[in-house]
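> Enclosed is the structure file my_file-v7.cif (mmCIF, C-alpha atoms).
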```
data_protein
loop_
_atom_site.label_atom_id
_atom_site.label_comp_id
_atom_site.auth_asym_id
_atom_site.auth_seq_id
_atom_site.Cartn_x
_atom_site.Cartn_y
_atom_site.Cartn_z
CA MET A 1 63.40 112.62 82.88
CA SER A 2 62.67 114.53 86.08
CA PRO A 3 64.42 114.12 89.45
CA GLY A 4 60.99 114.09 91.10
CA ARG A 5 61.77 116.94 93.48
CA GLN A 6 62.86 120.56 93.49
CA TYR A 7 66.30 122.02 94.20
CA LYS A 8 67.05 125.42 95.67
CA VAL A 9 69.55 127.42 93.63
CA GLY A 10 71.38 130.69 94.00
CA VAL A 11 72.70 133.18 91.46
CA LEU A 12 75.90 135.18 91.99
CA GLY A 13 76.31 138.36 89.98
CA ALA A 14 72.53 138.46 89.80
CA THR A 15 72.29 142.09 88.66
CA GLY A 16 74.73 141.69 85.74
CA THR A 17 74.01 140.68 82.16
CA VAL A 18 74.73 136.96 82.65
CA GLY A 19 73.02 136.92 86.05
CA GLN A 20 69.87 138.39 84.53
CA ARG A 21 69.88 135.69 81.86
CA PHE A 22 70.23 133.01 84.57
CA ILE A 23 67.19 134.44 86.36
CA ALA A 24 65.10 134.66 83.19
CA LEU A 25 65.87 131.02 82.33
CA LEU A 26 65.44 129.68 85.86
CA ALA A 27 62.12 131.44 86.55
CA GLU A 28 60.09 128.65 84.93
CA HIS A 29 62.50 125.77 85.43
CA PRO A 30 60.85 122.40 86.20
CA PHE A 31 63.03 121.56 89.22
CA PHE A 32 65.35 124.50 90.01
CA VAL A 33 63.87 127.13 92.34
CA ILE A 34 65.64 130.47 92.85
CA HIS A 35 66.32 130.79 96.59
CA ALA A 36 69.08 133.41 96.89
CA LEU A 37 70.52 136.24 94.82
CA GLY A 38 74.01 137.64 95.30
CA ALA A 39 75.60 140.85 94.05
CA SER A 40 77.96 143.62 95.15
CA GLN A 41 77.84 145.48 98.43
CA ARG A 42 76.19 148.36 96.56
CA SER A 43 73.21 146.16 95.67
CA ALA A 44 73.03 144.07 98.83
CA GLY A 45 70.05 144.75 101.06
CA LYS A 46 67.84 146.04 98.26
CA PRO A 47 64.87 144.28 96.64
CA TYR A 48 66.01 142.84 93.35
CA ASN A 49 63.85 145.15 91.24
CA LYS A 50 65.48 148.16 92.93
CA ALA A 51 69.03 146.83 92.57
CA VAL A 52 69.00 145.75 88.93
CA ASN A 53 69.06 147.64 85.64
CA TRP A 54 66.98 144.97 83.91
CA LYS A 55 67.88 144.47 80.24
CA GLN A 56 66.00 141.31 79.28
CA THR A 57 63.10 141.20 76.82
CA GLN A 58 60.65 139.81 79.39
CA PRO A 59 59.69 141.48 82.69
CA ILE A 60 61.52 140.65 85.91
CA PRO A 61 60.05 137.32 87.12
CA SER A 62 57.58 137.85 89.94
CA ALA A 63 59.32 135.26 92.12
CA VAL A 64 62.42 137.45 92.43
CA ARG A 65 61.09 141.01 92.07
CA GLU A 66 60.99 141.62 95.82
CA MET A 67 63.69 139.14 96.80
CA ILE A 68 66.38 140.86 98.86
CA VAL A 69 69.80 140.80 97.25
CA GLN A 70 72.57 139.41 99.47
CA GLU A 71 76.30 139.91 99.45
CA CYS A 72 78.16 137.08 97.71
CA LYS A 73 78.94 135.23 100.92
CA PRO A 74 78.41 131.48 101.39
CA GLU A 75 76.37 131.88 104.57
CA HIS A 76 73.51 133.35 102.54
CA PHE A 77 73.46 130.36 100.18
CA GLN A 78 73.84 127.38 102.52
CA GLU A 79 70.42 125.98 101.64
CA CYS A 80 71.23 125.96 97.91
CA ALA A 81 71.98 122.68 96.17
CA VAL A 82 73.43 124.60 93.21
CA VAL A 83 75.00 128.04 92.90
CA PHE A 84 75.28 129.64 89.45
CA SER A 85 78.00 132.24 89.00
CA GLY A 86 77.57 135.08 86.54
CA LEU A 87 80.30 137.08 88.26
CA ASP A 88 82.84 139.19 86.41
CA ALA A 89 86.25 137.56 86.20
CA ASP A 90 87.91 140.27 88.30
CA VAL A 91 85.99 139.11 91.40
CA ALA A 92 84.87 135.57 90.54
CA GLY A 93 88.01 133.68 91.54
CA ASP A 94 88.06 134.37 95.28
CA ILE A 95 84.28 134.30 95.68
CA GLU A 96 83.82 130.97 93.86
CA GLN A 97 86.67 129.47 95.87
CA ARG A 98 84.97 130.47 99.14
CA PHE A 99 81.70 128.91 97.98
CA ARG A 100 83.46 125.66 97.06
CA LEU A 101 85.20 125.61 100.44
CA ALA A 102 81.74 126.00 102.05
CA GLU A 103 80.73 122.69 100.37
CA LEU A 104 78.59 124.31 97.68
CA ALA A 105 78.36 123.15 94.06
CA VAL A 106 79.37 126.07 91.84
CA PHE A 107 78.54 126.23 88.13
CA SER A 108 80.50 129.14 86.74
CA ASN A 109 80.31 131.19 83.59
CA ALA A 110 83.54 133.01 84.52
CA LYS A 111 86.95 132.19 83.05
CA ASN A 112 88.92 131.99 86.30
CA TYR A 113 89.03 128.22 86.78
CA ARG A 114 88.87 127.03 83.16
CA ARG A 115 92.61 126.28 83.14
CA ASP A 116 92.64 124.63 86.56
CA PRO A 117 93.97 121.06 86.10
CA HIS A 118 91.27 119.64 88.37
CA VAL A 119 88.24 121.68 87.23
CA PRO A 120 86.11 120.32 84.37
CA LEU A 121 85.56 122.75 81.50
CA ILE A 122 82.26 121.41 80.22
CA VAL A 123 80.19 122.20 77.17
CA PRO A 124 77.16 120.08 78.12
CA LEU A 125 76.46 119.05 74.52
CA VAL A 126 80.00 117.66 74.20
CA ASN A 127 82.07 116.40 77.14
CA THR A 128 79.96 115.41 80.14
CA SER A 129 82.41 112.52 80.67
CA HIS A 130 84.73 115.10 82.26
CA TYR A 131 82.48 115.13 85.34
CA SER A 132 84.55 112.13 86.44
CA MET A 133 87.21 114.64 87.55
CA ILE A 134 84.97 115.92 90.38
CA PRO A 135 85.93 113.28 93.00
CA GLN A 136 89.62 114.08 92.46
CA GLN A 137 88.97 117.82 92.69
CA ARG A 138 87.30 117.27 96.05
CA ALA A 139 89.95 114.85 97.32
CA LEU A 140 92.94 117.04 96.44
CA HIS A 141 91.45 120.20 97.89
CA GLN A 142 92.92 121.27 101.23
CA PRO A 143 91.01 120.42 103.29
CA PRO A 144 89.33 117.62 101.28
CA LEU A 145 85.73 118.34 100.36
CA LYS A 146 82.63 116.16 100.58
CA LYS A 147 80.18 118.09 98.41
CA GLY A 148 81.79 121.29 97.14
CA PHE A 149 83.19 121.63 93.63
CA ILE A 150 83.50 124.02 90.70
CA VAL A 151 82.49 123.31 87.11
CA THR A 152 83.02 125.93 84.43
CA ASN A 153 81.44 126.33 81.04
CA ALA A 154 83.46 127.50 78.05
CA ASN A 155 83.96 130.83 76.38
CA CYS A 156 80.97 131.63 74.15
CA SER A 157 82.94 131.48 70.89
CA THR A 158 84.60 128.20 71.89
CA THR A 159 81.21 126.66 72.69
CA ALA A 160 79.95 127.36 69.17
CA VAL A 161 82.74 125.51 67.42
CA VAL A 162 83.37 122.53 69.70
CA VAL A 163 79.85 121.15 69.25
CA PRO A 164 80.20 120.40 65.49
CA LEU A 165 83.84 119.41 65.99
CA ALA A 166 82.80 116.85 68.60
CA ALA A 167 80.14 115.48 66.26
CA LEU A 168 82.69 115.10 63.48
CA GLU A 169 85.29 113.43 65.68
CA ARG A 170 82.69 110.99 66.97
CA ALA A 171 81.80 110.01 63.40
CA PHE A 172 85.14 110.19 61.59
CA GLY A 173 87.91 110.12 64.16
CA PRO A 174 90.45 112.79 65.10
CA ILE A 175 90.68 116.20 63.50
CA GLU A 176 94.26 117.32 62.84
CA SER A 177 93.79 121.01 62.03
CA CYS A 178 91.08 123.62 62.43
CA ILE A 179 90.97 127.23 61.24
CA ILE A 180 88.26 129.46 62.72
CA THR A 181 87.23 133.00 61.85
CA THR A 182 84.61 134.48 64.17
CA MET A 183 82.05 137.23 63.72
CA GLN A 184 81.04 137.88 67.32
CA ALA A 185 78.01 139.77 68.58
CA ILE A 186 78.37 142.87 70.74
CA SER A 187 76.44 141.29 73.63
CA GLY A 188 79.49 139.11 74.18
CA ALA A 189 81.23 142.20 75.57
CA GLY A 190 78.61 142.62 78.33
CA TYR A 191 76.72 145.80 79.18
CA PRO A 192 77.21 148.63 78.26
CA GLY A 193 79.60 146.86 75.91
CA VAL A 194 81.37 148.22 72.84
CA PRO A 195 81.03 152.01 72.32
CA SER A 196 78.66 152.83 69.46
CA LEU A 197 81.30 154.91 67.66
CA ASP A 198 83.53 151.82 67.55
CA ILE A 199 80.99 149.32 66.24
CA VAL A 200 78.34 151.11 64.14
CA ASP A 201 79.31 150.91 60.46
CA ASN A 202 82.40 148.97 61.49
CA ILE A 203 84.08 145.65 62.32
CA VAL A 204 86.68 145.45 65.06
CA PRO A 205 89.26 142.76 64.15
CA TYR A 206 90.46 142.18 67.70
CA ILE A 207 88.89 140.88 70.93
CA SER A 208 91.35 140.75 73.80
CA GLY A 209 92.25 137.20 74.83
CA GLU A 210 89.57 135.61 72.66
CA GLU A 211 91.77 133.82 70.14
CA GLU A 212 93.90 132.28 72.87
CA LYS A 213 90.77 131.07 74.69
CA ILE A 214 89.43 129.29 71.62
CA GLU A 215 92.75 127.68 70.75
CA TRP A 216 93.35 126.39 74.30
CA GLU A 217 89.83 125.58 75.49
CA THR A 218 89.07 123.50 72.39
CA LEU A 219 91.88 121.10 73.29
CA LYS A 220 90.71 120.65 76.90
CA ILE A 221 87.10 120.11 75.89
CA LEU A 222 87.68 117.71 72.99
CA GLY A 223 90.49 115.86 74.74
CA GLY A 224 90.06 112.94 77.09
CA LEU A 225 91.23 111.99 80.55
CA THR A 226 94.36 109.97 81.30
CA GLN A 227 95.40 108.28 84.52
CA GLY A 228 99.00 108.34 85.72
CA ASP A 229 100.99 105.77 87.69
CA ASP A 230 100.04 107.67 90.84
CA GLY A 231 96.36 107.08 90.08
CA LEU A 232 95.62 110.74 89.40
CA LYS A 233 93.60 111.78 86.39
CA ALA A 234 94.64 114.54 83.99
CA PHE A 235 93.06 116.25 81.00
CA ASP A 236 95.08 115.07 78.00
CA MET A 237 94.50 118.20 75.86
CA HIS A 238 93.85 116.04 72.76
CA ALA A 239 97.43 114.71 73.03
CA LYS A 240 96.71 111.27 71.54
CA GLN A 241 96.16 112.98 68.19
CA PRO A 242 97.55 116.53 68.37
CA LEU A 243 95.04 119.12 67.16
CA ARG A 244 96.23 122.47 65.80
CA VAL A 245 93.71 125.29 66.14
CA SER A 246 94.09 128.77 64.63
CA ALA A 247 91.48 131.40 65.50
CA SER A 248 90.88 134.95 64.27
CA CYS A 249 88.23 136.87 66.21
CA ASN A 250 86.19 139.87 65.11
CA ARG A 251 83.50 141.97 66.78
CA VAL A 252 80.62 142.78 64.41
CA PRO A 253 77.48 144.97 64.70
CA VAL A 254 75.10 142.14 65.63
CA ILE A 255 73.35 142.13 69.01
CA GLU A 256 73.20 138.39 69.70
CA GLY A 257 74.57 135.33 67.93
CA HIS A 258 78.18 134.42 67.19
CA THR A 259 78.83 133.27 63.61
CA GLU A 260 82.02 131.35 62.82
CA CYS A 261 83.57 130.15 59.57
CA VAL A 262 85.38 126.87 60.17
CA SER A 263 87.73 124.72 58.06
CA VAL A 264 88.95 121.31 59.25
CA ARG A 265 91.40 118.61 58.21
CA PHE A 266 90.80 115.04 59.35
CA ALA A 267 93.48 112.49 60.24
CA ARG A 268 91.45 109.96 58.27
CA ARG A 269 92.37 109.64 54.60
CA PRO A 270 90.44 109.92 52.45
CA PRO A 271 88.36 112.43 54.40
CA PRO A 272 84.56 112.29 54.61
CA SER A 273 82.52 113.92 51.88
CA PRO A 274 80.39 117.01 52.53
CA GLN A 275 77.26 114.86 52.48
CA GLN A 276 78.74 112.46 55.03
CA VAL A 277 79.58 115.43 57.22
CA ARG A 278 76.02 116.79 56.98
CA GLU A 279 74.59 113.41 57.95
CA ALA A 280 76.97 113.06 60.90
CA LEU A 281 76.09 116.51 62.21
CA GLN A 282 72.37 115.81 61.92
CA ALA A 283 72.73 112.47 63.71
CA TYR A 284 74.71 113.82 66.65
CA THR A 285 72.84 113.73 69.97
CA SER A 286 74.20 114.83 73.32
CA GLU A 287 74.15 112.68 76.44
CA ALA A 288 72.52 115.62 78.22
CA TYR A 289 69.48 115.27 75.96
CA THR A 290 69.50 111.47 76.15
CA ILE A 291 69.28 111.39 79.96
CA GLY A 292 66.52 114.02 80.00
CA CYS A 293 68.08 117.38 80.88
CA PRO A 294 65.07 119.67 80.34
CA SER A 295 67.09 122.53 78.83
CA ALA A 296 69.07 120.36 76.40
CA PRO A 297 68.04 120.79 72.74
CA ARG A 298 66.45 117.99 70.73
CA HIS A 299 68.60 118.95 67.73
CA THR A 300 72.11 119.39 69.10
CA VAL A 301 73.21 120.53 65.65
CA PHE A 302 70.61 121.79 63.20
CA VAL A 303 71.92 121.59 59.63
CA HIS A 304 70.62 124.14 57.15
CA GLU A 305 70.27 123.24 53.48
CA GLU A 306 69.76 126.85 52.34
CA ALA A 307 72.82 128.48 50.79
CA ASP A 308 72.52 131.63 52.91
CA ARG A 309 71.96 130.15 56.39
CA PRO A 310 72.54 130.22 59.32
CA GLN A 311 72.02 133.91 60.03
CA PRO A 312 72.03 135.47 63.53
CA ARG A 313 68.75 137.38 63.26
CA LEU A 314 66.86 134.41 61.81
CA ASP A 315 68.38 131.45 63.64
CA ARG A 316 69.81 132.47 67.02
CA ASP A 317 66.60 131.76 68.96
CA TYR A 318 65.81 128.35 67.45
CA GLN A 319 65.32 125.88 70.34
CA ALA A 320 65.63 128.85 72.72
CA GLY A 321 69.23 129.22 71.60
CA ALA A 322 70.23 125.96 73.28
CA GLY A 323 71.71 124.21 70.22
CA VAL A 324 73.94 125.28 67.36
CA CYS A 325 73.12 125.78 63.69
CA VAL A 326 75.44 124.74 60.86
CA GLY A 327 75.24 125.53 57.16
CA ARG A 328 77.30 125.86 53.98
CA VAL A 329 78.98 122.47 54.46
CA ARG A 330 81.30 122.05 51.52
CA GLN A 331 84.72 120.88 50.40
CA CYS A 332 87.73 122.98 51.38
CA ARG A 333 90.55 123.18 48.84
CA VAL A 334 93.15 123.88 51.53
CA LEU A 335 92.01 121.53 54.30
CA ASP A 336 89.14 119.01 53.88
CA ILE A 337 85.75 120.46 54.85
CA LYS A 338 84.49 123.96 55.63
CA PHE A 339 81.22 125.16 57.15
CA VAL A 340 79.53 128.01 59.02
CA VAL A 341 78.31 127.60 62.60
CA LEU A 342 76.04 129.91 64.59
CA ALA A 343 75.47 129.82 68.34
CA ASN A 344 73.47 132.11 70.61
CA ASN A 345 76.26 133.55 72.75
CA VAL A 346 73.98 134.57 75.62
CA ALA A 347 72.16 131.21 75.71
CA ILE A 348 74.21 128.06 74.95
CA GLY A 349 77.28 130.30 74.97
CA ALA A 350 76.65 131.37 78.58
CA ALA A 351 73.82 130.78 81.08
CA THR A 352 72.09 127.92 79.26
CA SER A 353 75.31 125.89 79.30
CA SER A 354 75.67 126.31 83.06
CA ILE A 355 72.04 125.35 83.62
CA ILE A 356 72.31 122.18 81.51
CA ASN A 357 75.55 121.35 83.33
CA ALA A 358 73.70 121.59 86.65
CA GLU A 359 70.72 119.59 85.33
CA TYR A 360 73.12 116.85 84.29
CA ALA A 361 74.79 116.86 87.71
CA VAL A 362 71.41 116.53 89.43
CA LEU A 363 70.18 113.72 87.19
CA LYS A 364 73.48 111.85 87.65
CA GLY A 365 73.40 112.26 91.43
CA ILE A 366 76.52 114.45 91.53
CA VAL A 367 74.63 117.11 93.53
CA GLY A 368 71.70 116.77 95.89
CA GLY A 369 69.50 118.76 98.25
CA GLN A 370 65.76 119.26 98.29
CA ALA A 371 63.74 122.46 98.37
#
```
Could you spell out this file's structure in structure tokens?

Amino acid sequence: MSPGRQYKVGVLGATGTVGQRFIALLAEHPFFVIHALGASQRSAGKPYNKAVNWKQTQPIPSAVREMIVQECKPEHFQECAVVFSGLDADVAGDIEQRFRLAELAVFSNAKNYRRDPHVPLIVPLVNTSHYSMIPQQRALHQPPLKKGFIVTNANCSTTAVVVPLAALERAFGPIESCIITTMQAISGAGYPGVPSLDIVDNIVPYISGEEEKIEWETLKILGGLTQGDDGLKAFDMHAKQPLRVSASCNRVPVIEGHTECVSVRFARRPPPSPQQVREALQAYTSEAYTIGCPSAPRHTVFVHEEADRPQPRLDRDYQAGAGVCVGRVRQCRVLDIKFVVLANNVAIGAATSSIINAEYAVLKGIVGGQA
């Protein structure tokens, strides 16, 4: 499905790693057109190709090579229907707030507003129903907003695991417990990233804040929305059937692609068999794909039959990294079922999620504006 028109978009943090990925993905988008680029004062006023240390595998898109980089101020983005934020967390909060206040729709990859009780934390292959919080976010803002809002996507490691978990809960009901061990690529640390002397010939069994993000974000994403006596909605954090999540996070010498070993226990007894789990994962389709979001993958979850897959080097770019790959589905002697999931952390784990979120918002009429 196509909206039948084009929409001007802006990118904040355009010279950074995530910002570059946004630009690479948006350069050939069917209805998003890059109109404005924002970065630090140091980069502002320069043509993009002079301001950026380009680290993508394809050349800088011709449409933005000579585009002048602006400061991250709303007045430079007023014609944009959508603003994508690839800003670092240390500056994202205040800047994104100013853009929302200026009645702009902000789709953020930063962590700053993920815990906000009125901001949807959306993995577009999982919980697009949480867009229903947007009217309340606008109404409760002071002053109330007509068009502005913020939507965040999840941490890259959280994104990988919630997709198969959502598929399993849709098929078999609530999951009670989940144990996750991650093997996370060095690109997740940004550029220049982890020092070579720390990661070559090594595994680092600690990533600051990562375990807490997975354990908390999973509950917000997989949970529903409740409505109180005052008429206000709230994210229920999976409270109807409490879900316990335990995560252990490790940095490994892989460039792209987060691999995670997952074990789950279902509330349902007896639990589903490994074959039933495989079939449910294969059958799972996201609403984003169903309504025609052009960046949404046909196979939300690709299930490998080979005993040694998925692998980052072989599988991270399948479907342009927009879906997740699952393999080694088998019985768990401690919980019920265990499996391995792989997600491209710089695609569905970052910019691709924000782009699908914005596509969904356009196709559902949540944002507007014509190029």
> Using all atoms listed in the file, collect all residues at a distance of at most 8 Å from (65.3, 125.9, 93.1) as written in the file, then present them as a PyMOL selection string.
chain A and resi 6-10+31-35+80+371
> Would you kindly translate the PyMOL selection byres ((chain A and resi 220) around 9) into the concrete residues it picks from this file, as an MDAnalysis selection string?
chainID A and resid 115 120:121 216:219 221:224 235:238
> Which residues, written as a PyMOL selection string, have at least one atom at most 7 Å from Cys178 of chain A, with all atoms listed in the file counted and residues fewer than 2 positions away on the same chain left out?
chain A and resi 180+244-246+262-265
> How far is it from atom CA of Cys293 of chain A to atom CA of Leu12 of chain A, in Å with one decimal?
22.4 Å
> Here's a test: counting only C-alpha atoms, identify every protein, DNA and RNA residue with an atom at most 12 Å from (85.5, 146.2, 58.1) in the file's coordinate frame, and state them as number ranges by chain.
A: 183, 198-206, 250-253
> Write a file of the selected residues as an mmCIF file, in the coordinates of the input, keeping C-alpha atoms.

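Saved as out05.cif:
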```
data_model
loop_
_atom_site.group_PDB
_atom_site.id
_atom_site.type_symbol
_atom_site.label_atom_id
_atom_site.label_comp_id
_atom_site.auth_asym_id
_atom_site.auth_seq_id
_atom_site.Cartn_x
_atom_site.Cartn_y
_atom_site.Cartn_z
ATOM 1 C CA MET A 183 82.050 137.230 63.720
ATOM 2 C CA ASP A 198 83.530 151.820 67.550
ATOM 3 C CA ILE A 199 80.990 149.320 66.240
ATOM 4 C CA VAL A 200 78.340 151.110 64.140
ATOM 5 C CA ASP A 201 79.310 150.910 60.460
ATOM 6 C CA ASN A 202 82.400 148.970 61.490
ATOM 7 C CA ILE A 203 84.080 145.650 62.320
ATOM 8 C CA VAL A 204 86.680 145.450 65.060
ATOM 9 C CA PRO A 205 89.260 142.760 64.150
ATOM 10 C CA TYR A 206 90.460 142.180 67.700
ATOM 11 C CA ASN A 250 86.190 139.870 65.110
ATOM 12 C CA ARG A 251 83.500 141.970 66.780
ATOM 13 C CA VAL A 252 80.620 142.780 64.410
ATOM 14 C CA PRO A 253 77.480 144.970 64.700
#
```
> Once the PyMOL selection byres ((chain A and resi 84) around 8) is applied to the coordinates I shared, what remains selected? I want it as an mmCIF file with C-alpha atoms, keeping the file's coordinate frame.

```
data_model
loop_
_atom_site.group_PDB
_atom_site.id
_atom_site.type_symbol
_atom_site.label_atom_id
_atom_site.label_comp_id
_atom_site.auth_asym_id
_atom_site.auth_seq_id
_atom_site.Cartn_x
_atom_site.Cartn_y
_atom_site.Cartn_z
ATOM 1 C CA VAL A 9 69.550 127.420 93.630
ATOM 2 C CA GLY A 10 71.380 130.690 94.000
ATOM 3 C CA VAL A 11 72.700 133.180 91.460
ATOM 4 C CA LEU A 12 75.900 135.180 91.990
ATOM 5 C CA PHE A 22 70.230 133.010 84.570
ATOM 6 C CA VAL A 82 73.430 124.600 93.210
ATOM 7 C CA VAL A 83 75.000 128.040 92.900
ATOM 8 C CA SER A 85 78.000 132.240 89.000
ATOM 9 C CA GLY A 86 77.570 135.080 86.540
ATOM 10 C CA VAL A 106 79.370 126.070 91.840
ATOM 11 C CA PHE A 107 78.540 126.230 88.130
ATOM 12 C CA SER A 108 80.500 129.140 86.740
ATOM 13 C CA ASN A 109 80.310 131.190 83.590
ATOM 14 C CA SER A 354 75.670 126.310 83.060
ATOM 15 C CA ILE A 355 72.040 125.350 83.620
#
```
> Mind pulling up the distance from atom CA of Leu26 of chain A to atom CA of Thr285 of chain A?
23.7 Å
> State, in Å with one decimal place, the distance from atom CA of Asp230 of chain A to atom CA of Arg100 of chain A.
25.2 Å
> Which residues would end up in the selection if the PyMOL selection byres ((chain A and resi 297) around 12) were applied here, given that I need the answer as an NGL selection string?
:A and (124-125 or 284-296 or 298-302 or 317-325 or 347-348 or 352-353 or 356)
